[in-house]
$ cat entry-v4.txt   # compact mmCIF, C-alpha atoms and all ligand atoms
# COMPACT_ATOMS: atom_id res chain seq x y z
CA MET O 1344 -26.24 -5.56 30.31
CA ALA O 1345 -23.51 -3.11 31.29
CA SER O 1346 -20.23 -4.66 32.26
CA ILE O 1347 -16.95 -3.23 33.55
CA SER O 1348 -13.45 -4.44 32.79
CA ILE O 1349 -11.03 -5.57 35.49
CA GLY O 1350 -8.69 -2.76 34.43
CA THR O 1351 -11.38 -0.17 35.10
CA ILE O 1352 -12.28 -1.75 38.44
CA ALA O 1353 -8.60 -1.59 39.44
CA GLU O 1354 -8.39 2.05 38.41
CA LEU O 1355 -11.57 3.10 40.19
CA THR O 1356 -10.57 1.49 43.48
CA SER O 1357 -6.81 2.15 43.23
CA ALA O 1358 -6.34 -1.59 43.35
CA LYS O 1359 -3.36 -3.66 42.40
CA VAL O 1360 -3.90 -6.68 40.16
CA VAL O 1361 -1.91 -9.38 41.94
CA CYS O 1362 -2.47 -12.19 39.50
CA GLY O 1363 -4.58 -13.10 36.53
CA ASN O 1364 -5.86 -11.33 33.52
CA LYS O 1365 -6.25 -7.57 33.59
CA GLY O 1366 -7.12 -7.17 29.92
CA LYS O 1367 -10.04 -5.12 28.69
CA SER O 1368 -11.72 -8.38 27.69
CA CYS O 1369 -12.19 -9.48 31.31
CA LEU O 1370 -15.67 -8.20 31.88
CA VAL O 1371 -17.54 -8.24 35.16
CA GLU O 1372 -21.32 -7.82 35.25
CA LYS O 1373 -22.17 -8.09 38.92
CA ALA O 1374 -20.54 -7.93 42.31
CA PHE O 1375 -21.23 -9.29 45.77
CA SER O 1376 -19.63 -8.07 49.01
CA SER O 1377 -19.36 -10.52 51.91
CA ASP O 1378 -17.01 -12.04 54.45
CA LEU O 1379 -19.21 -15.12 54.84
CA MET O 1380 -18.39 -17.80 52.33
CA SER O 1381 -21.64 -19.80 52.48
CA ASP O 1382 -23.45 -16.60 51.55
CA VAL O 1383 -21.25 -16.49 48.48
CA LEU O 1384 -21.76 -20.19 47.70
CA ARG O 1385 -25.50 -19.78 47.33
CA LEU O 1386 -25.14 -17.33 44.42
CA GLU O 1387 -25.60 -18.54 40.88
CA SER O 1388 -24.41 -15.53 38.91
CA GLU O 1389 -21.76 -15.70 36.23
CA ASN O 1390 -19.04 -13.10 35.61
CA LEU O 1391 -19.20 -12.17 39.25
CA LEU O 1392 -16.72 -10.12 41.26
CA LEU O 1393 -16.37 -11.15 44.90
CA ILE O 1394 -15.47 -8.21 47.14
CA THR O 1395 -14.27 -9.39 50.55
CA GLY O 1396 -12.15 -8.56 53.56
CA LEU O 1397 -11.65 -12.26 54.20
CA ALA O 1398 -8.15 -12.75 52.86
CA ASN O 1399 -7.53 -16.42 53.49
CA LEU O 1400 -7.23 -19.60 51.47
CA GLN O 1401 -10.93 -20.31 51.97
CA ALA O 1402 -11.92 -17.22 50.02
CA VAL O 1403 -9.97 -18.53 47.01
CA ARG O 1404 -11.30 -22.08 47.49
CA THR O 1405 -14.83 -20.70 47.61
CA ALA O 1406 -14.25 -18.87 44.34
CA GLU O 1407 -12.86 -22.09 42.84
CA MET O 1408 -15.97 -24.10 43.81
CA ALA O 1409 -18.45 -21.40 42.81
CA ASP O 1410 -16.75 -20.66 39.47
CA ILE O 1411 -16.02 -17.07 40.49
CA SER O 1412 -13.16 -15.66 38.41
CA TYR O 1413 -12.51 -12.33 40.13
CA ILE O 1414 -11.76 -11.51 43.80
CA LEU O 1415 -11.12 -8.03 45.16
CA PHE O 1416 -9.62 -7.97 48.67
CA VAL O 1417 -10.35 -4.78 50.61
CA ARG O 1418 -8.90 -2.98 53.66
CA GLY O 1419 -5.33 -3.55 52.48
CA LYS O 1420 -5.57 -7.29 53.00
CA GLN O 1421 -2.90 -9.10 51.05
CA ALA O 1422 -3.09 -12.46 49.37
CA THR O 1423 -0.47 -14.92 50.61
CA PRO O 1424 1.76 -16.78 48.09
CA GLU O 1425 -0.31 -19.91 48.77
CA MET O 1426 -3.50 -18.03 47.87
CA VAL O 1427 -1.95 -16.60 44.72
CA ALA O 1428 -0.77 -20.08 43.67
CA LEU O 1429 -4.26 -21.54 44.14
CA ALA O 1430 -5.79 -18.62 42.24
CA LYS O 1431 -3.37 -19.05 39.33
CA GLU O 1432 -4.05 -22.78 39.19
CA ASN O 1433 -7.74 -22.00 38.76
CA GLY O 1434 -7.52 -18.96 36.50
CA ILE O 1435 -8.77 -16.60 39.19
CA THR O 1436 -7.83 -12.92 39.07
CA ILE O 1437 -6.95 -11.32 42.42
CA LEU O 1438 -7.03 -7.59 43.14
CA GLU O 1439 -6.09 -5.77 46.34
CA THR O 1440 -7.25 -2.34 47.46
CA GLY O 1441 -6.59 -0.30 50.59
CA TYR O 1442 -10.16 1.03 50.52
CA SER O 1443 -12.78 -0.24 52.98
CA LEU O 1444 -15.51 -2.67 51.98
CA TYR O 1445 -18.07 0.14 52.08
CA LYS O 1446 -16.05 2.60 50.02
CA THR O 1447 -15.07 -0.04 47.46
CA SER O 1448 -18.67 -1.26 47.08
CA GLY O 1449 -19.97 2.32 46.85
CA ILE O 1450 -17.53 3.32 44.13
CA LEU O 1451 -18.22 0.26 42.01
CA TYR O 1452 -21.98 0.48 42.51
CA SER O 1453 -21.91 4.11 41.34
CA ALA O 1454 -19.85 3.05 38.34
CA GLY O 1455 -22.68 0.77 37.27
CA LEU O 1456 -21.57 -2.61 38.58
CA LYS O 1457 -24.86 -4.33 39.42
CA PRO O 1458 -25.65 -6.09 42.70
CA VAL O 1459 -26.59 -9.78 42.64
CA PHE O 1460 -29.83 -8.91 44.46
CA MET I 412 -17.25 -46.78 34.88
CA ASN I 413 -16.87 -46.95 38.63
CA LEU I 414 -14.50 -44.55 40.32
CA GLU I 415 -13.97 -44.31 44.07
CA TYR I 416 -12.05 -41.79 46.09
CA THR I 417 -11.58 -41.47 49.84
CA PHE I 418 -10.39 -38.50 51.85
CA LYS I 419 -9.65 -38.02 55.53
CA VAL I 420 -10.74 -34.78 57.17
CA GLU I 421 -9.39 -33.35 60.42
CA GLY I 422 -11.65 -31.20 62.57
CA GLY I 423 -10.36 -27.65 62.98
CA ASN I 424 -7.81 -27.90 60.16
CA PHE I 425 -8.96 -25.25 57.70
CA SER I 426 -5.69 -25.26 55.76
CA LYS I 427 -6.76 -28.43 53.98
CA ALA I 428 -10.42 -27.47 53.63
CA GLY I 429 -11.59 -27.96 50.09
CA VAL I 430 -8.97 -30.47 48.99
CA ALA I 431 -11.56 -33.21 48.44
CA SER I 432 -13.92 -30.88 46.58
CA SER I 433 -11.08 -29.59 44.44
CA ASP I 434 -9.94 -33.11 43.46
CA VAL I 435 -13.49 -34.17 42.63
CA LYS I 436 -13.94 -31.05 40.50
CA LYS I 437 -10.87 -31.96 38.44
CA VAL I 438 -12.13 -35.51 37.90
CA LEU I 439 -15.60 -34.39 36.84
CA LYS I 440 -14.11 -31.86 34.41
CA LYS I 441 -12.06 -34.63 32.81
CA LEU I 442 -15.23 -36.70 32.48
CA ASN I 443 -16.82 -33.76 30.60
CA VAL I 444 -19.67 -33.33 33.07
CA GLY I 445 -21.53 -30.04 32.42
CA PRO I 446 -20.24 -26.99 34.34
CA LYS I 447 -23.57 -26.31 36.09
CA THR I 448 -23.75 -29.90 37.34
CA ILE I 449 -20.11 -29.81 38.46
CA ARG I 450 -20.77 -26.59 40.33
CA ARG I 451 -23.76 -28.12 42.16
CA ILE I 452 -21.76 -31.20 43.14
CA VAL I 453 -18.64 -29.42 44.35
CA VAL I 454 -20.49 -26.65 46.19
CA SER I 455 -22.45 -29.21 48.22
CA LEU I 456 -19.37 -31.35 48.81
CA TYR I 457 -17.37 -28.30 49.88
CA GLU I 458 -20.08 -27.24 52.33
CA ALA I 459 -20.22 -30.76 53.79
CA GLU I 460 -16.43 -30.96 54.01
CA ILE I 461 -16.29 -27.59 55.79
CA ASN I 462 -18.98 -28.74 58.23
CA ILE I 463 -16.78 -31.61 59.39
CA ILE I 464 -13.84 -29.23 59.85
CA ALA I 465 -16.00 -26.59 61.54
CA HIS I 466 -18.22 -28.74 63.75
CA ALA I 467 -16.77 -32.26 64.17
CA TYR I 468 -13.53 -33.90 65.34
CA ARG I 469 -12.62 -35.99 62.32
CA GLY I 470 -14.26 -37.62 59.37
CA GLU I 471 -14.00 -39.59 56.19
CA ILE I 472 -15.31 -38.83 52.74
CA LEU I 473 -16.13 -41.52 50.20
CA VAL I 474 -16.92 -40.36 46.67
CA LYS I 475 -18.35 -42.83 44.16
CA ILE I 476 -18.67 -41.79 40.55
CA SER I 477 -20.53 -44.01 38.08
CA GLU I 478 -21.97 -43.55 34.56
CA ASN I 479 -24.95 -41.53 35.63
CA LYS I 480 -24.42 -40.30 39.20
CA VAL I 481 -22.08 -39.09 41.92
CA GLU I 482 -22.73 -40.39 45.42
CA THR I 483 -20.78 -39.03 48.35
CA THR I 484 -20.84 -40.17 51.95
CA LEU I 485 -19.28 -38.00 54.64
CA LYS I 486 -19.08 -39.70 58.00
CA ASP I 487 -17.74 -37.90 61.03
CA SER I 488 -17.05 -38.43 64.71
CA GLY I 489 -18.27 -35.38 66.49
CA PRO I 490 -20.96 -33.83 68.64
CA GLY I 491 -23.75 -34.79 66.24
CA ILE I 492 -26.81 -32.68 65.44
CA GLU I 493 -29.65 -32.66 67.95
CA ASP I 494 -32.36 -31.18 65.74
CA ILE I 495 -31.64 -31.68 62.04
CA ASN I 496 -34.70 -29.70 60.89
CA LYS I 497 -33.58 -26.71 62.89
CA ALA I 498 -30.01 -27.04 61.62
CA MET I 499 -31.39 -26.97 58.06
CA GLU I 500 -32.97 -23.54 58.62
CA GLU I 501 -31.20 -20.72 56.82
CA GLY I 502 -29.26 -18.62 59.29
CA TYR I 503 -29.13 -21.22 62.07
CA SER I 504 -25.54 -21.70 63.17
CA THR I 505 -23.62 -22.75 66.25
CA ALA I 506 -20.25 -21.93 64.63
CA SER I 507 -17.53 -20.86 67.08
CA PRO I 508 -15.79 -17.47 66.84
CA GLU I 509 -12.74 -19.27 65.36
CA VAL I 510 -14.90 -20.76 62.60
CA ARG I 511 -16.49 -17.37 61.89
CA GLU I 512 -13.05 -15.85 61.57
CA MET I 513 -12.34 -18.33 58.79
CA GLY I 514 -15.37 -17.04 56.88
CA PHE I 515 -17.97 -19.60 57.91
CA GLY I 516 -21.02 -19.60 60.18
CA ALA I 517 -23.66 -17.94 58.01
CA GLY I 518 -25.93 -20.91 58.69
CA MET I 519 -26.33 -21.44 54.95
CA GLY I 520 -24.32 -24.61 54.40
CA LEU I 521 -27.02 -27.25 54.84
CA SER I 522 -29.49 -25.22 52.83
CA ASN I 523 -26.90 -24.84 50.06
CA MET I 524 -26.40 -28.62 50.11
CA ASN I 525 -30.14 -29.17 49.93
CA LYS I 526 -30.45 -26.84 46.96
CA ASN I 527 -27.54 -28.32 45.05
CA THR I 528 -28.16 -32.04 45.44
CA ASP I 529 -30.73 -34.32 43.82
CA LYS I 530 -30.91 -36.27 47.06
CA LEU I 531 -29.63 -35.35 50.52
CA GLU I 532 -29.73 -37.64 53.56
CA ILE I 533 -28.52 -36.66 57.01
CA THR I 534 -28.41 -38.99 59.97
CA SER I 535 -26.91 -38.02 63.27
CA GLU I 536 -26.44 -39.29 66.79
CA VAL I 537 -25.72 -36.78 69.52
CA GLY I 538 -22.31 -37.42 71.09
CA VAL I 539 -21.31 -39.85 68.35
CA GLY I 540 -21.33 -38.18 64.95
CA THR I 541 -23.07 -37.30 61.74
CA THR I 542 -23.36 -38.97 58.34
CA VAL I 543 -24.26 -36.92 55.29
CA LYS I 544 -25.08 -38.53 51.94
CA LEU I 545 -25.14 -36.43 48.82
CA MET I 546 -26.38 -37.68 45.45
CA ASN I 547 -26.39 -35.97 42.07
CA TRP I 548 -27.27 -37.31 38.63
CA ILE I 549 -24.66 -36.46 36.04
N1 LIG O 1501 -21.07 -32.42 60.74
C1 LIG O 1501 -21.69 -31.74 61.71
N2 LIG O 1501 -21.50 -32.08 63.01
C2 LIG O 1501 -22.12 -31.40 64.01
N3 LIG O 1501 -22.95 -30.36 63.81
C3 LIG O 1501 -23.18 -29.98 62.54
C4 LIG O 1501 -22.56 -30.63 61.43
N4 LIG O 1501 -23.00 -30.04 60.30
C5 LIG O 1501 -23.82 -29.05 60.68
N5 LIG O 1501 -23.94 -29.01 62.02
C6 LIG O 1501 -24.81 -28.09 62.81
O1 LIG O 1501 -25.77 -27.51 61.96
C7 LIG O 1501 -25.62 -26.08 61.96
C8 LIG O 1501 -25.98 -25.52 60.59
O2 LIG O 1501 -25.05 -25.98 59.61
P1 LIG O 1501 -24.82 -25.12 58.30
O3 LIG O 1501 -23.77 -25.78 57.49
O4 LIG O 1501 -26.14 -24.88 57.65
O5 LIG O 1501 -24.32 -23.72 58.86
P2 LIG O 1501 -22.88 -23.36 59.50
O6 LIG O 1501 -21.91 -24.46 59.21
O7 LIG O 1501 -23.08 -23.02 60.92
O8 LIG O 1501 -22.50 -22.05 58.69
P3 LIG O 1501 -22.12 -21.98 57.12
O9 LIG O 1501 -22.27 -23.35 56.57
O10 LIG O 1501 -23.10 -21.02 56.53
O11 LIG O 1501 -20.74 -21.48 57.07
C9 LIG O 1501 -24.20 -25.83 62.39
O12 LIG O 1501 -23.99 -24.55 62.94
C10 LIG O 1501 -24.03 -26.95 63.44
O13 LIG O 1501 -24.66 -26.60 64.65
MG MG O 1502 -21.68 -25.16 57.25

$ encode --input "entry-v4.txt" --output "structure tokens" --more "lines below"
Ligand SMILES: Nc1ncnc2c1ncn2[C@@H]1O[C@H](COP(=O)(O)OP(=O)(O)OP(=O)(O)O)[C@@H](O)[C@H]1O
Ligand SMILES: [Mg+2]
Amino acid sequence: MASISIGTIAELTSAKVVCGNKGKSCLVEKAFSSDLMSDVLRLESENLLLITGLANLQAVRTAEMADISYILFVRGKQATPEMVALAKENGITILETGYSLYKTSGILYSAGLKPVF
Amino acid sequence: MNLEYTFKVEGGNFSKAGVASSDVKKVLKKLNVGPKTIRRIVVSLYEAEINIIAHAYRGEILVKISENKVETTLKDSGPGIEDINKAMEEGYSTASPEVREMGFGAGMGLSNMNKNTDKLEITSEVGVGTTVKLMNWI
């Protein structure tokens, strides 16, 4: 299955990697865009990128519980220091882009990042 | 082995949401429980914890871990659930705008709990509160 590195995802969406690993070895296979956390919690995919405009502690907690290692915040939403600390504690990589949810999803979909369903 | 943990949960206080689930996750990791089983347990506990914060006034969580299973009881004082079968339906939600702003209210929580537990028991009295029991073999 095709997978894309975090570095490439950051480049494609002009995103900043706020914390975590940006190495070429961090490979993402699928992505899911949502602002509703229970929608995210029902997924079972591994190596998943969560794309969301919900920039609060709950987004990071949700990733922690669901074993999601990569979060991309859209619409210029910024992770608070508390969120970054929680992400670091759990080995979660956070990216931030100024692009909208639609634009971000469209770019990454075109680049070959698969949807969960 | 018989481990017990209790947590207090305050309705409306999202800043502490997930603390119980996070602690339990750390304990289960130390006990070398498989990652898929841990994920099932903490996802259902997290959903149940959030439901107290989102829908009730206050509650208490009791987690019991033994050799072969994890049993969690979440008891809250709150409005209760009038029709549990309806509440279990995917997409059914009475979440307030404030709760939706926090990222909840998809109406998926109870169904996620059902999917991720080996046994789920919900009892509720309208105007009094709700008790949720989650059980997973480990
Ligand atoms: N502890 C509770 N006390 C009172 N009502 C509850 C409780 N738990 C669930 N409910 C009721 O059941 C409904 C469905 O719960 P469920 O967890 O499936 O969805 P939700 O909490 O509304 O949204 P989501 O969990 O997807 O964020 C709730 O909207 C609420 O009306
Ligand atoms: Mg819920």

$ residues_near_ligand --input "entry-v4.txt" --ligand "ligand MG 1502 (chain O)" --cutoff "9 Å" --atoms "all atoms listed in the file" --output "VMD selection string"
(chain O and resid 1381) or (chain I and resid 458 to 463 465 to 466 504 506 515 to 523)

$ residues_near_point --input "entry-v4.txt" --point "(-7.4, -29.3, 50.7)" --cutoff "10 Å" --atoms "all atoms listed in the file" --output "PyMOL selection string"
(chain O and resi 1400-1401+1404) or (chain I and resi 418+420+424-434+460)

$ closest_residue --input "entry-v4.txt" --among "O:Thr1436, O:Asn1390, O:Thr1447, O:Ser1377" --to "chain I" --atoms "all atoms listed in the file"
O:Ser1377

$ atom_distance --input "entry-v4.txt" --atom1 "atom C10 of ligand LIG 1501 (chain O)" --atom2 "CA of Leu485 in chain I"
14.9 Å

$ closest_residue --input "entry-v4.txt" --among "O:Arg1418, O:Arg1385, O:Lys1431, O:Lys1446" --to "chain I" --atoms "all atoms listed in the file"
O:Arg1385

$ closest_residue --input "entry-v4.txt" --among "I:Glu482, I:Glu421, I:Val435, I:Arg451" --to "ligand LIG 1501 (chain O)" --atoms "all atoms listed in the file"
I:Glu421

$ residues_around --input "entry-v4.txt" --residues "Val474 in chain I" --least-positions-apart "6" --cutoff "12 Å" --atoms "all atoms listed in the file" --output "ChimeraX atom specification"
/I:413-419,431-432,434-436,438-439,452-453,456,460,480-486,543-547

$ residues_around --input "entry-v4.txt" --residues "Ile549 in chain I" --least-positions-apart "2" --cutoff "9 Å" --atoms "only C-alpha atoms" --output "list in words"
Val444, Gly445, Thr448, Ile449, Ser477, Glu478, Asn479, Lys480, Val481 and Asn547 of chain I
